[in-house]
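Student: Got coords_18.txt for you, compact mmCIF, C-alpha atoms:
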```txt
# COMPACT_ATOMS: atom_id res chain seq x y z
CA MET K 1 81.53 81.68 149.89
CA SER K 2 82.13 77.94 150.35
CA ASP K 3 85.10 76.38 152.14
CA ILE K 4 86.41 74.96 148.86
CA GLU K 5 86.30 78.39 147.21
CA ILE K 6 88.24 79.81 150.16
CA GLY K 7 90.78 77.02 149.72
CA ILE K 8 91.19 77.77 146.02
CA ILE K 9 91.64 81.48 146.78
CA GLY K 10 94.25 80.49 149.39
CA PHE K 11 96.25 78.55 146.80
CA ALA K 12 95.99 81.47 144.36
CA VAL K 13 97.32 83.88 147.00
CA LEU K 14 100.09 81.41 147.85
CA PHE K 15 101.31 81.23 144.26
CA LEU K 16 101.06 85.01 143.98
CA LEU K 17 103.29 85.38 147.04
CA LEU K 18 105.76 82.89 145.57
CA ALA K 19 105.73 84.79 142.27
CA ILE K 20 106.85 87.98 144.04
CA ARG K 21 109.72 86.06 145.68
CA THR K 22 108.25 85.61 149.14
CA PRO K 23 110.09 82.77 150.92
CA VAL K 24 108.02 79.61 150.64
CA ALA K 25 107.85 79.10 154.43
CA THR K 26 106.64 82.67 154.99
CA ALA K 27 104.08 82.38 152.19
CA MET K 28 102.64 79.14 153.60
CA MET K 29 102.51 80.59 157.10
CA ILE K 30 100.66 83.71 155.96
CA VAL K 31 98.12 81.81 153.83
CA GLY K 32 97.68 79.07 156.42
CA PHE K 33 97.14 81.44 159.33
CA PHE K 34 94.66 83.76 157.60
CA GLY K 35 92.92 80.83 155.90
CA ILE K 36 92.30 79.13 159.24
CA LEU K 37 91.26 82.51 160.67
CA VAL K 38 88.49 82.67 158.06
CA LEU K 39 87.40 79.02 158.33
CA ASN K 40 87.86 78.51 162.08
CA PRO K 41 88.73 81.78 163.89
CA ARG K 42 89.47 80.13 167.23
CA GLY K 43 91.98 77.73 165.69
CA ALA K 44 94.29 80.23 163.96
CA LEU K 45 96.54 81.37 166.84
CA PRO K 46 96.74 77.93 168.53
CA THR K 47 97.77 76.41 165.18
CA LEU K 48 100.44 79.03 164.53
CA GLY K 49 101.96 78.82 168.00
CA GLY K 50 101.39 75.12 168.57
CA GLU K 51 102.81 73.90 165.26
CA ALA K 52 105.90 76.12 165.57
CA PHE K 53 106.60 74.61 168.99
CA SER K 54 105.72 71.01 168.12
CA ILE K 55 107.91 70.88 164.99
CA SER K 56 110.82 72.42 166.87
CA THR K 57 110.62 69.64 169.46
CA VAL K 58 110.19 66.58 167.18
CA PHE K 59 112.98 64.23 168.26
CA SER K 60 113.28 62.49 164.89
CA LEU K 61 114.17 65.80 163.22
CA THR K 62 117.51 65.85 165.06
CA ILE K 63 118.60 63.62 162.21
CA LEU K 64 118.81 66.66 159.93
CA PRO K 65 121.51 68.72 161.69
CA LEU K 66 123.48 65.56 162.49
CA PHE K 67 123.65 64.34 158.89
CA ILE K 68 124.30 67.88 157.61
CA LEU K 69 127.16 68.13 160.13
CA MET K 70 128.50 64.75 158.98
CA GLY K 71 128.57 65.88 155.34
CA ASN K 72 130.29 69.16 156.20
CA LEU K 73 132.95 67.36 158.24
CA ALA K 74 133.52 64.94 155.35
CA GLY K 75 134.14 67.91 153.08
CA ILE K 76 136.74 69.69 155.23
CA SER K 77 138.52 66.46 156.20
CA GLY K 78 139.30 65.61 152.57
CA MET K 79 137.22 62.41 152.54
CA SER K 80 135.27 63.66 149.52
CA ARG K 81 138.54 64.12 147.60
CA ASP K 82 139.64 60.62 148.57
CA LEU K 83 136.38 59.20 147.26
CA TYR K 84 136.77 60.96 143.91
CA ASP K 85 140.42 59.86 143.64
CA ALA K 86 139.39 56.24 144.22
CA ALA K 87 136.69 56.45 141.54
CA HIS K 88 139.18 58.13 139.22
CA ALA K 89 141.74 55.38 139.79
CA TRP K 90 139.24 52.69 138.82
CA PHE K 91 137.27 54.40 136.04
CA GLY K 92 139.31 57.39 134.90
CA HIS K 93 141.00 55.61 131.97
CA TRP K 94 137.64 54.90 130.30
CA ARG K 95 136.35 57.18 127.60
CA GLY K 96 134.21 59.57 129.64
CA GLY K 97 135.74 58.01 132.75
CA LEU K 98 136.22 61.30 134.60
CA ALA K 99 132.53 62.08 134.20
CA SER K 100 131.66 58.55 135.40
CA SER K 101 134.03 59.04 138.34
CA THR K 102 132.17 62.24 139.17
CA ILE K 103 128.86 60.36 139.24
CA VAL K 104 130.32 57.65 141.50
CA GLY K 105 131.91 60.28 143.73
CA CYS K 106 128.61 62.17 144.02
CA ALA K 107 126.79 58.94 144.87
CA GLY K 108 129.28 58.14 147.62
CA PHE K 109 129.33 61.65 149.05
CA SER K 110 125.52 61.68 148.96
CA ALA K 111 125.59 58.79 151.43
CA LEU K 112 127.19 61.18 153.93
CA SER K 113 125.72 64.59 153.19
CA GLY K 114 122.05 63.95 152.31
CA SER K 115 122.13 67.18 150.30
CA SER K 116 122.10 67.53 146.52
CA LEU K 117 123.55 71.04 146.59
CA ALA K 118 126.40 69.99 148.91
CA SER K 119 127.18 66.99 146.66
CA ALA K 120 127.25 69.15 143.52
CA VAL K 121 129.45 71.84 145.10
CA THR K 122 131.88 69.48 146.84
CA MET K 123 132.43 67.05 143.97
CA GLY K 124 132.23 69.79 141.34
CA ARG K 125 135.16 71.67 142.85
CA VAL K 126 137.20 68.46 142.75
CA ALA K 127 136.08 67.05 139.39
CA LEU K 128 135.59 70.05 137.09
CA PRO K 129 139.27 71.13 136.94
CA GLU K 130 140.25 67.53 136.08
CA MET K 131 137.69 67.27 133.28
CA GLN K 132 138.70 70.64 131.88
CA ARG K 133 142.37 69.61 131.99
CA TYR K 134 141.60 66.60 129.80
CA LYS K 135 139.53 68.72 127.36
CA TYR K 136 136.11 67.34 128.23
CA ASP K 137 133.19 69.01 126.53
CA ASN K 138 131.78 71.60 128.92
CA LYS K 139 128.22 70.32 128.46
CA LEU K 140 129.14 66.78 129.54
CA ALA K 141 131.39 67.96 132.37
CA THR K 142 128.92 70.35 133.97
CA GLY K 143 125.90 68.15 133.19
CA SER K 144 127.44 65.17 134.99
CA ILE K 145 128.18 67.32 138.07
CA ALA K 146 124.68 68.80 138.18
CA ALA K 147 123.01 65.41 137.65
CA GLY K 148 125.33 63.55 140.01
CA GLY K 149 124.59 66.07 142.74
CA THR K 150 120.88 65.26 142.58
CA LEU K 151 121.65 61.82 144.01
CA GLY K 152 122.03 63.59 147.37
CA ILE K 153 118.27 63.53 148.00
CA LEU K 154 117.78 59.91 146.89
CA ILE K 155 120.69 57.96 148.35
CA PRO K 156 120.34 57.85 152.16
CA PRO K 157 120.70 59.79 154.36
CA SER K 158 118.36 62.05 152.41
CA ALA K 159 116.96 65.30 153.75
CA GLY K 160 114.14 64.91 151.24
CA PHE K 161 113.15 61.56 152.76
CA VAL K 162 113.26 63.03 156.27
CA VAL K 163 110.86 65.83 155.32
CA TYR K 164 108.63 63.39 153.42
CA ALA K 165 108.56 61.06 156.44
CA ILE K 166 107.57 63.86 158.82
CA LEU K 167 104.80 65.08 156.50
CA THR K 168 103.38 61.61 155.80
CA GLU K 169 104.17 60.00 159.18
CA GLU K 170 106.12 57.20 157.49
CA SER K 171 109.26 55.53 158.87
CA ILE K 172 112.48 57.44 158.17
CA GLY K 173 114.51 54.21 158.35
CA ARG K 174 112.28 52.41 155.83
CA LEU K 175 112.42 55.38 153.46
CA PHE K 176 116.21 55.45 153.71
CA MET K 177 116.39 51.77 152.80
CA ALA K 178 113.92 52.29 149.96
CA GLY K 179 116.31 54.80 148.40
CA VAL K 180 119.36 52.50 148.28
CA LEU K 181 118.61 50.28 145.26
CA PRO K 182 116.93 53.06 143.22
CA GLY K 183 119.98 55.21 143.99
CA ILE K 184 122.27 52.51 142.65
CA LEU K 185 119.96 52.08 139.64
CA LEU K 186 120.03 55.79 138.85
CA THR K 187 123.81 55.96 139.32
CA GLY K 188 124.14 53.12 136.80
CA LEU K 189 121.81 54.86 134.34
CA PHE K 190 123.86 58.06 134.58
CA ILE K 191 127.05 56.13 133.82
CA LEU K 192 125.27 54.41 130.92
CA VAL K 193 124.30 57.85 129.56
CA ILE K 194 127.94 58.94 129.69
CA TYR K 195 129.03 55.71 127.95
CA VAL K 196 126.48 56.15 125.14
CA LEU K 197 127.30 59.85 124.63
CA THR K 198 131.06 59.30 124.50
CA THR K 199 130.68 56.27 122.23
CA LEU K 200 128.63 58.29 119.76
CA ASN K 201 130.98 61.28 120.04
CA PRO K 202 134.38 60.41 121.57
CA LYS K 203 135.40 64.09 121.65
CA LEU K 204 132.87 64.74 124.43
CA GLY K 205 134.89 62.78 126.98
CA PRO K 206 138.35 61.59 125.86
CA ALA K 207 140.15 58.89 127.81
CA SER K 208 142.57 60.26 130.41
CA GLY K 209 145.52 57.96 129.85
CA GLN K 210 146.35 54.36 130.63
CA ALA K 211 144.68 52.27 133.28
CA LYS K 212 146.41 52.58 136.63
CA PRO K 213 148.18 49.51 138.06
CA PHE K 214 146.04 47.34 140.32
CA ALA K 215 148.22 48.16 143.35
CA GLU K 216 147.64 51.88 142.82
CA ARG K 217 143.89 51.32 142.50
CA MET K 218 143.82 49.41 145.77
CA ARG K 219 145.88 52.12 147.45
CA ALA K 220 143.34 54.74 146.38
CA LEU K 221 140.51 52.52 147.59
CA ARG K 222 142.18 52.06 150.98
CA LYS K 223 142.59 55.81 151.29
CA ALA K 224 138.83 56.16 150.73
CA SER K 225 138.08 53.45 153.31
CA TRP K 226 137.24 56.08 155.95
CA ILE K 227 134.23 57.39 154.07
CA ILE K 228 133.23 53.91 152.84
CA GLY K 229 133.40 52.60 156.41
CA ILE K 230 131.20 55.40 157.79
CA ILE K 231 128.63 54.75 155.05
CA LEU K 232 128.57 51.01 155.77
CA VAL K 233 128.24 51.57 159.52
CA THR K 234 125.38 54.07 159.30
CA ILE K 235 123.31 52.54 156.49
CA GLY K 236 124.12 48.94 157.46
CA GLY K 237 123.27 49.64 161.09
CA ILE K 238 119.83 50.97 160.15
CA TYR K 239 119.14 47.98 157.89
CA MET K 240 120.22 45.41 160.50
CA GLY K 241 118.24 47.11 163.25
CA VAL K 242 121.35 47.82 165.32
CA PHE K 243 120.27 51.42 165.74
CA SER K 244 117.57 53.79 164.55
CA ALA K 245 117.97 56.40 161.82
CA VAL K 246 118.48 59.14 164.43
CA GLU K 247 121.10 57.09 166.26
CA ALA K 248 122.80 56.38 162.91
CA ALA K 249 123.02 60.12 162.28
CA GLY K 250 124.67 60.68 165.66
CA ILE K 251 127.14 57.83 165.16
CA GLY K 252 127.95 58.97 161.62
CA ALA K 253 128.58 62.56 162.73
CA PHE K 254 130.79 61.33 165.60
CA LEU K 255 132.84 59.09 163.27
CA ALA K 256 133.26 61.93 160.76
CA PHE K 257 134.40 64.17 163.63
CA LEU K 258 136.97 61.56 164.69
CA VAL K 259 138.36 61.29 161.15
CA THR K 260 138.59 65.09 160.97
CA LEU K 261 140.53 65.11 164.25
CA ILE K 262 142.84 62.29 163.11
CA ARG K 263 143.59 64.17 159.90
CA LYS K 264 144.15 67.41 161.84
CA SER K 265 141.69 69.28 159.61
CA LEU K 266 140.00 71.24 162.39
CA ASN K 267 140.96 74.83 163.05
CA ARG K 268 139.11 77.95 164.09
CA GLU K 269 138.08 78.85 160.52
CA SER K 270 136.92 75.35 159.59
CA VAL K 271 134.89 74.98 162.81
CA ILE K 272 133.11 78.29 162.15
CA GLU K 273 132.44 77.26 158.53
CA VAL K 274 131.10 73.80 159.42
CA LEU K 275 128.89 74.94 162.31
CA GLY K 276 127.63 78.01 160.43
CA HIS K 277 126.61 76.01 157.36
CA THR K 278 124.99 73.32 159.52
CA LEU K 279 122.97 75.87 161.51
CA ARG K 280 121.84 77.78 158.42
CA SER K 281 120.72 74.63 156.59
CA THR K 282 118.94 73.28 159.67
CA ALA K 283 117.15 76.55 160.41
CA THR K 284 115.97 76.85 156.80
CA THR K 285 114.55 73.31 156.80
CA PHE K 286 112.79 73.76 160.16
CA TYR K 287 111.28 77.07 159.03
CA ILE K 288 109.88 75.39 155.90
CA LEU K 289 108.41 72.58 158.00
CA ILE K 290 106.77 75.02 160.42
CA GLY K 291 105.21 76.84 157.48
CA ALA K 292 104.00 73.54 156.04
CA PHE K 293 102.37 72.46 159.29
CA VAL K 294 100.51 75.78 159.53
CA PHE K 295 99.39 75.52 155.90
CA THR K 296 98.31 71.85 156.01
CA PRO K 297 95.41 72.32 158.52
CA PHE K 298 94.03 75.10 156.32
CA VAL K 299 94.11 72.79 153.29
CA ALA K 300 92.32 70.07 155.27
CA LEU K 301 89.67 72.48 156.58
CA SER K 302 88.97 73.82 153.10
CA GLY K 303 87.97 70.40 151.77
CA VAL K 304 90.09 70.81 148.62
CA PRO K 305 91.77 67.36 148.93
CA GLU K 306 88.40 65.61 149.21
CA ALA K 307 87.04 67.56 146.24
CA LEU K 308 90.11 66.70 144.17
CA LEU K 309 89.81 63.03 145.14
CA GLY K 310 86.15 63.04 144.13
CA LEU K 311 87.02 64.64 140.79
CA LEU K 312 89.65 62.00 140.02
CA THR K 313 87.29 59.21 141.13
CA ASP K 314 84.63 60.47 138.74
CA LEU K 315 87.14 60.22 135.88
CA ASP K 316 87.16 56.45 136.42
CA ALA K 317 90.74 56.33 135.14
CA ASN K 318 93.28 53.58 135.81
CA ARG K 319 95.15 54.28 139.04
CA TYR K 320 98.48 54.27 137.21
CA VAL K 321 97.18 56.95 134.87
CA ILE K 322 96.35 59.08 137.92
CA LEU K 323 99.81 58.35 139.33
CA LEU K 324 101.52 59.48 136.13
CA ILE K 325 99.33 62.62 136.05
CA ALA K 326 100.43 63.43 139.62
CA LEU K 327 104.12 62.84 138.80
CA GLY K 328 103.79 64.95 135.66
CA PHE K 329 102.30 67.73 137.80
CA PHE K 330 105.34 67.54 140.11
CA ILE K 331 107.69 67.74 137.13
CA ILE K 332 105.95 70.91 135.95
CA LEU K 333 106.15 72.38 139.48
CA GLY K 334 109.84 71.50 139.51
CA THR K 335 110.51 73.90 136.65
CA PHE K 336 109.84 76.90 138.90
CA LEU K 337 109.73 75.66 142.53
CA GLU K 338 112.42 74.25 144.83
CA GLY K 339 112.11 70.59 145.87
CA PHE K 340 111.18 71.13 149.54
CA ALA K 341 108.55 73.62 148.45
CA ILE K 342 106.97 71.01 146.18
CA LEU K 343 106.93 68.47 149.00
CA VAL K 344 105.26 70.68 151.56
CA LEU K 345 102.80 72.24 149.11
CA SER K 346 101.62 69.12 147.30
CA LEU K 347 101.66 66.31 149.85
CA PRO K 348 98.54 67.53 151.73
CA LEU K 349 96.68 67.27 148.43
CA VAL K 350 98.27 64.15 146.97
CA GLN K 351 98.73 61.82 149.96
CA PRO K 352 94.98 61.10 150.47
CA ILE K 353 94.61 60.35 146.76
CA MET K 354 97.60 57.97 146.58
CA MET K 355 96.50 56.15 149.75
CA SER K 356 92.93 55.77 148.47
CA LEU K 357 94.31 54.23 145.27
CA GLY K 358 96.21 51.64 147.30
CA PHE K 359 99.74 52.78 146.52
CA ASP K 360 102.52 52.09 149.03
CA MET K 361 103.57 55.47 150.41
CA ILE K 362 107.18 54.33 150.87
CA TRP K 363 107.37 53.45 147.17
CA PHE K 364 105.58 56.67 146.22
CA GLY K 365 108.10 58.60 148.32
CA VAL K 366 110.94 57.23 146.18
CA LEU K 367 109.13 58.23 142.98
CA MET K 368 108.45 61.69 144.36
CA VAL K 369 112.07 62.23 145.39
CA ILE K 370 113.29 61.28 141.89
CA VAL K 371 110.82 63.79 140.45
CA LEU K 372 112.25 66.39 142.83
CA GLU K 373 115.70 65.47 141.49
CA MET K 374 114.43 66.22 137.99
CA GLY K 375 113.30 69.62 139.22
CA LEU K 376 116.79 70.35 140.55
CA ILE K 377 118.14 70.34 136.98
CA SER K 378 115.04 71.56 135.11
CA PRO K 379 114.95 75.07 133.61
CA PRO K 380 114.34 77.82 134.46
CA VAL K 381 115.03 77.33 138.21
CA GLY K 382 117.25 74.21 138.32
CA LEU K 383 119.09 74.99 141.57
CA ASN K 384 121.86 72.46 140.88
CA VAL K 385 122.49 74.09 137.51
CA PHE K 386 123.04 77.47 139.15
CA VAL K 387 125.29 75.85 141.77
CA VAL K 388 127.42 74.38 138.98
CA LYS K 389 127.43 77.77 137.23
CA GLY K 390 128.90 79.20 140.43
CA ILE K 391 131.89 76.83 140.25
CA ALA K 392 132.17 77.08 136.43
CA PRO K 393 131.68 80.82 135.73
CA ASP K 394 133.33 80.52 132.31
CA VAL K 395 130.72 78.01 131.05
CA PRO K 396 127.56 79.59 129.54
CA LEU K 397 124.37 78.74 131.44
CA ASN K 398 122.77 77.46 128.22
CA ASP K 399 125.57 74.90 127.84
CA ILE K 400 124.98 73.60 131.35
CA PHE K 401 121.24 73.24 130.73
CA ARG K 402 121.93 71.48 127.42
CA GLY K 403 124.27 69.09 129.20
CA ILE K 404 121.68 67.95 131.74
CA TRP K 405 118.99 66.72 129.31
CA PRO K 406 120.40 63.21 128.75
CA PHE K 407 120.53 62.73 132.52
CA TRP K 408 117.00 64.14 132.88
CA PHE K 409 115.69 61.47 130.52
CA ALA K 410 117.64 58.83 132.49
CA MET K 411 115.66 59.93 135.57
CA MET K 412 112.45 59.56 133.59
CA LEU K 413 113.51 56.02 132.64
CA ALA K 414 114.25 55.26 136.30
CA ILE K 415 110.71 56.32 137.25
CA LEU K 416 109.20 54.06 134.58
CA ILE K 417 111.34 51.13 135.78
CA LEU K 418 110.26 51.67 139.39
CA VAL K 419 106.60 51.93 138.39
CA ALA K 420 106.93 48.65 136.48
CA PHE K 421 108.97 46.95 139.23
CA PRO K 422 108.06 48.43 142.66
CA SER K 423 110.03 45.67 144.40
CA ILE K 424 113.27 47.47 143.49
CA ALA K 425 112.36 50.17 146.02
CA LEU K 426 110.51 47.95 148.50
CA PHE K 427 112.86 44.96 148.75
CA LEU K 428 115.21 46.39 151.41
CA PRO K 429 112.47 48.04 153.53
CA ASN K 430 110.48 44.79 153.53
CA THR K 431 113.50 42.71 154.58
CA MET K 432 114.77 45.09 157.28
CA PHE K 433 115.44 43.68 160.71
CA ASN K 434 112.81 45.25 162.99
```
Let me see the file written as structure tokens.
Tutor:
Amino acid sequence: MSDIEIGIIGFAVLFLLLAIRTPVATAMMIVGFFGILVLNPRGALPTLGGEAFSISTVFSLTILPLFILMGNLAGISGMSRDLYDAAHAWFGHWRGGLASSTIVGCAGFSALSGSSLASAVTMGRVALPEMQRYKYDNKLATGSIAAGGTLGILIPPSAGFVVYAILTEESIGRLFMAGVLPGILLTGLFILVIYVLTTLNPKLGPASGQAKPFAERMRALRKASWIIGIILVTIGGIYMGVFSAVEAAGIGAFLAFLVTLIRKSLNRESVIEVLGHTLRSTATTFYILIGAFVFTPFVALSGVPEALLGLLTDLDANRYVILLIALGFFIILGTFLEGFAILVLSLPLVQPIMMSLGFDMIWFGVLMVIVLEMGLISPPVGLNVFVVKGIAPDVPLNDIFRGIWPFWFAMMLAILILVAFPSIALFLPNTMFN
């Protein structure tokens, strides 16, 4: 049996394990270990032990628990509510304004949490009761929450970018900067979707009263200045070269902690909740990465990436056709796999192909993260959809899925725009200080 055949069998076993609900990290570890044992018996145990230790001691990965902690502190301190109130004060009087405010609130909270699920849960709990009070259509209300939450893995600090950077050995800071303008673009497209839908059918999102006086709008904006200031300090500091991405995470978490102290939001229960959620999320991410780094050497030893590259080269297709095929493959995977799983499973195969075709891996990372966002709201898995279902138990699941499709197509449009104009993603990384 050839190495490539062993590799193909390994992938088949991996998908079988995933089909029977084996955790993705465990499945990758099992297949990677036994695959290496077959291809290179002496390398199996050193890979299993060595990768587990090396990933656990990567300094740059300290960014994950720090940014997760920052997002959790922002939630219990009320900063997320302040952000939504400010967006509501400025946009709430529009037709569909509460849904647009939800998108803006999710975008802002994403710049603290780095998590799509946290953004959807936090802003959904704040925004959904308001939209239901003003008789918003359930499909638009829940769809805007689910779609807005996906911005958490595009707008920095993004856990998706951190994992992508570790797997591809790219700069975390440059990837963060690459996500800023596409994040703003996608936020604008989501708001445009809401505008079009409510223009065509005003009953979907009725206006919520008169515009608030300018003084009241400014008061709401000042109240949200804490969270806006932390975002500007962390993201601006990375861009200007004042501190690294890891240092920005530490500073952001410290500032969020100070605000929580000032607002007297810390008590025994909230500390246990914040630290428990941070530890669980961090441990899950590290476990997935350890599994990926055991699985990746097996994929390399099998020769499957080289065989796939040779197959695509023989097709003699335009490189953008191959790019779109790869992105389409990720979209299909997103219908039944979680985003991190797609990253760690596919990058060992796809990275050599994209690099050989001359694509910038920072730019490709942005495209890949948007595709992962699409997976977060794609049936039948759609994790964000099930999160929204948890905070809207009275809304049928089919209505939530029907509500996300306009936003899904907005993501598709964003990908096409970024393929046509790569400079949107690369402008900030290429102009960064240091």
Student: Given all atoms listed in the file as the basis, pick out the residue of K:Gly205, K:Gly276, K:Pro396, K:Gly365 nearest to Ile172 (chain K).
Tutor: K:Gly365
Student: Just how far from CA of Ala249 (chain K) is CA of Leu343 (chain K), in Å to one decimal?
Tutor: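 Taking CA of Leu343 (chain K) as the start and CA of Ala249 (chain K) as the end point, the length is 22.5 Å.
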Student: How many Å separate CA of Arg402 (chain K) from CA of Pro202 (chain K)?
Tutor: 17.7 Å
Student: Show which residues sit within 12 Å of Ile9 (chain K), as a count of residues only. Count all atoms listed in the file, and ignore same-chain residues fewer than 2 positions away.
Tutor: 22
Student: Kindly provide the residues of region 107-223 of chain K that approach region 424-429 of chain K to within 8 Å, each paired with its closest atom pair and their distance in Å to one decimal, based on all atoms listed in the file, listed by chain and increasing number, as a tab-separated table.
Tutor:
```
residue	atom	partner	partner_atom	distance
K:Arg174	CA	K:Pro429	CA	4.9
K:Leu175	CA	K:Pro429	CA	7.3
K:Met177	CA	K:Pro429	CA	5.5
K:Ala178	CA	K:Ala425	CA	4.7
K:Gly179	CA	K:Ala425	CA	6.5
K:Val180	CA	K:Ala425	CA	7.7
K:Leu181	CA	K:Ile424	CA	6.3
K:Pro182	CA	K:Ala425	CA	6.1
```
Student: Which is closer to Phe409 (chain K) than all the others in K:Leu73, K:Ala87, K:Leu266, K:Leu192, using all atoms listed in the file?
Tutor: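 Of the candidates, the smallest distance to Phe409 (chain K) is held by K:Leu192.
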Student: My list of candidates is K:Gly173, K:Pro46, K:Met412, K:Ala300. Which is closest to Gly241 (chain K) when distances are computed with all atoms listed in the file?
Tutor: K:Gly173
Student: Under the rule of at most 12 Å, produce a per-residue listing of region 220-272 of chain K near region 61-70 of chain K: chain, number, name, the closest pair of atoms, and the distance in Å, as CSV, using all atoms listed in the file.
Tutor:
```
residue,atom,partner,partner_atom,distance
K:Ile227,CA,K:Met70,CA,10.5
K:Ile230,CA,K:Met70,CA,9.8
K:Ile231,CA,K:Met70,CA,10.7
K:Thr234,CA,K:Phe67,CA,10.4
K:Ser244,CA,K:Ile63,CA,10.2
K:Ala245,CA,K:Ile63,CA,7.3
K:Val246,CA,K:Ile63,CA,5.0
K:Glu247,CA,K:Ile63,CA,8.1
K:Ala248,CA,K:Ile63,CA,8.4
K:Ala249,CA,K:Phe67,CA,5.4
K:Gly250,CA,K:Leu66,CA,5.9
K:Ile251,CA,K:Leu66,CA,9.0
K:Gly252,CA,K:Met70,CA,6.4
K:Ala253,CA,K:Met70,CA,4.3
K:Phe254,CA,K:Met70,CA,7.8
K:Leu255,CA,K:Met70,CA,8.3
K:Ala256,CA,K:Met70,CA,5.8
K:Phe257,CA,K:Met70,CA,7.5
K:Leu258,CA,K:Met70,CA,10.7
K:Val259,CA,K:Met70,CA,10.7
K:Thr260,CA,K:Met70,CA,10.3
K:Val271,CA,K:Leu69,CA,10.7
K:Ile272,CA,K:Leu69,CA,11.9
```
Student: Write the residues of the selection above to a file with C-alpha atoms, as a tab-separated table (two decimals), in the frame of the given file.
Tutor:
```tsv
chain	number	residue	atom	x	y	z
K	227	ILE	CA	134.23	57.39	154.07
K	230	ILE	CA	131.20	55.40	157.79
K	231	ILE	CA	128.63	54.75	155.05
K	234	THR	CA	125.38	54.07	159.30
K	244	SER	CA	117.57	53.79	164.55
K	245	ALA	CA	117.97	56.40	161.82
K	246	VAL	CA	118.48	59.14	164.43
K	247	GLU	CA	121.10	57.09	166.26
K	248	ALA	CA	122.80	56.38	162.91
K	249	ALA	CA	123.02	60.12	162.28
K	250	GLY	CA	124.67	60.68	165.66
K	251	ILE	CA	127.14	57.83	165.16
K	252	GLY	CA	127.95	58.97	161.62
K	253	ALA	CA	128.58	62.56	162.73
K	254	PHE	CA	130.79	61.33	165.60
K	255	LEU	CA	132.84	59.09	163.27
K	256	ALA	CA	133.26	61.93	160.76
K	257	PHE	CA	134.40	64.17	163.63
K	258	LEU	CA	136.97	61.56	164.69
K	259	VAL	CA	138.36	61.29	161.15
K	260	THR	CA	138.59	65.09	160.97
K	271	VAL	CA	134.89	74.98	162.81
K	272	ILE	CA	133.11	78.29	162.15
```
Student: Of the candidates K:Leu39, K:Leu311, K:Leu17, K:Leu221, which shows the shortest atom-to-atom distance to Met79 (chain K), using only C-alpha atoms?
Tutor: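 Going through K:Leu39, K:Leu311, K:Leu17, K:Leu221 one by one, the smallest distance to Met79 (chain K) is for K:Leu221.
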Student: Dump as an MDAnalysis selection string all residues having an atom at most 12 Å from (123.5, 67.1, 131.4), computed in the file's coordinates with all atoms listed in the file.
Tutor: chainID K and resid 99 103 137:150 190:191 193:194 197 204 374 376:379 382 384:385 388 397:411
Student: Taking 3 positions as the minimum chain separation for residues in the same chain, which residues sit within 10 Å of region 327-336 of chain K when counting all atoms listed in the file? Answer as a ChimeraX atom specification.
Tutor: /K:18-19,321-324,339,341-343,346,364,367-368,370-383,415
Student: Counting all atoms listed in the file, what is within 10 Å of region 119-132 of chain K, bar same-chain residues fewer than 2 positions away, as a PyMOL selection string?
Tutor: chain K and resi 71-72+74-76+80-81+83-85+88+96-99+101-117+134-138+140-142+144-153+205-206+208+384-385+387-388+390-392
Student: Which is closer to Ala25 (chain K) than all the others in K:Pro393, K:Gln351, K:Leu301, K:Ala283, using only C-alpha atoms?
Tutor: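 Nearest to Ala25 (chain K): K:Ala283.
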Student: Which one is closest to Met29 (chain K): K:Tyr287, K:Phe386, K:Phe340, K:Trp363? Count all atoms listed in the file.
Tutor: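 With all atoms listed in the file as the atom set, the closest residue is K:Tyr287.
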Student: Hey, can you check how far CA of Met361 (chain K) sits from CA of Ala414 (chain K)?
Tutor: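 A separation of 17.7 Å between them.
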Student: The centre and edge lengths of an axis-aligned box containing all atoms of region 104-120 of chain K present in the file, extended by 6 Å on each side, are to be given in Å to one decimal, as AutoDock Vina command-line options.
Tutor:
```
--center_x 127.0 --center_y 64.3 --center_z 147.7 --size_x 21.9 --size_y 25.4 --size_z 24.4
```
Student: Would you mind writing region 68-74 of chain K with N, CA and C atoms, as a PDB file, keeping the file's coordinate frame?
Tutor:
```
ATOM      1  N   ILE K  68     123.700  66.708 158.258  1.00  0.00           N
ATOM      2  CA  ILE K  68     124.300  67.880 157.610  1.00  0.00           C
ATOM      3  C   ILE K  68     125.706  68.115 158.163  1.00  0.00           C
ATOM      4  N   LEU K  69     125.848  67.986 159.490  1.00  0.00           N
ATOM      5  CA  LEU K  69     127.160  68.130 160.130  1.00  0.00           C
ATOM      6  C   LEU K  69     128.124  67.074 159.607  1.00  0.00           C
ATOM      7  N   MET K  70     127.652  65.832 159.469  1.00  0.00           N
ATOM      8  CA  MET K  70     128.500  64.750 158.980  1.00  0.00           C
ATOM      9  C   MET K  70     129.021  65.055 157.582  1.00  0.00           C
ATOM     10  N   GLY K  71     128.152  65.538 156.693  1.00  0.00           N
ATOM     11  CA  GLY K  71     128.570  65.880 155.340  1.00  0.00           C
ATOM     12  C   GLY K  71     129.578  67.019 155.317  1.00  0.00           C
ATOM     13  N   ASN K  72     129.350  68.029 156.150  1.00  0.00           N
ATOM     14  CA  ASN K  72     130.290  69.160 156.200  1.00  0.00           C
ATOM     15  C   ASN K  72     131.652  68.737 156.716  1.00  0.00           C
ATOM     16  N   LEU K  73     131.674  67.861 157.716  1.00  0.00           N
ATOM     17  CA  LEU K  73     132.950  67.360 158.240  1.00  0.00           C
ATOM     18  C   LEU K  73     133.675  66.515 157.190  1.00  0.00           C
ATOM     19  N   ALA K  74     132.905  65.744 156.421  1.00  0.00           N
ATOM     20  CA  ALA K  74     133.520  64.940 155.350  1.00  0.00           C
ATOM     21  C   ALA K  74     134.177  65.837 154.316  1.00  0.00           C
TER      22      ALA K  74
END
```
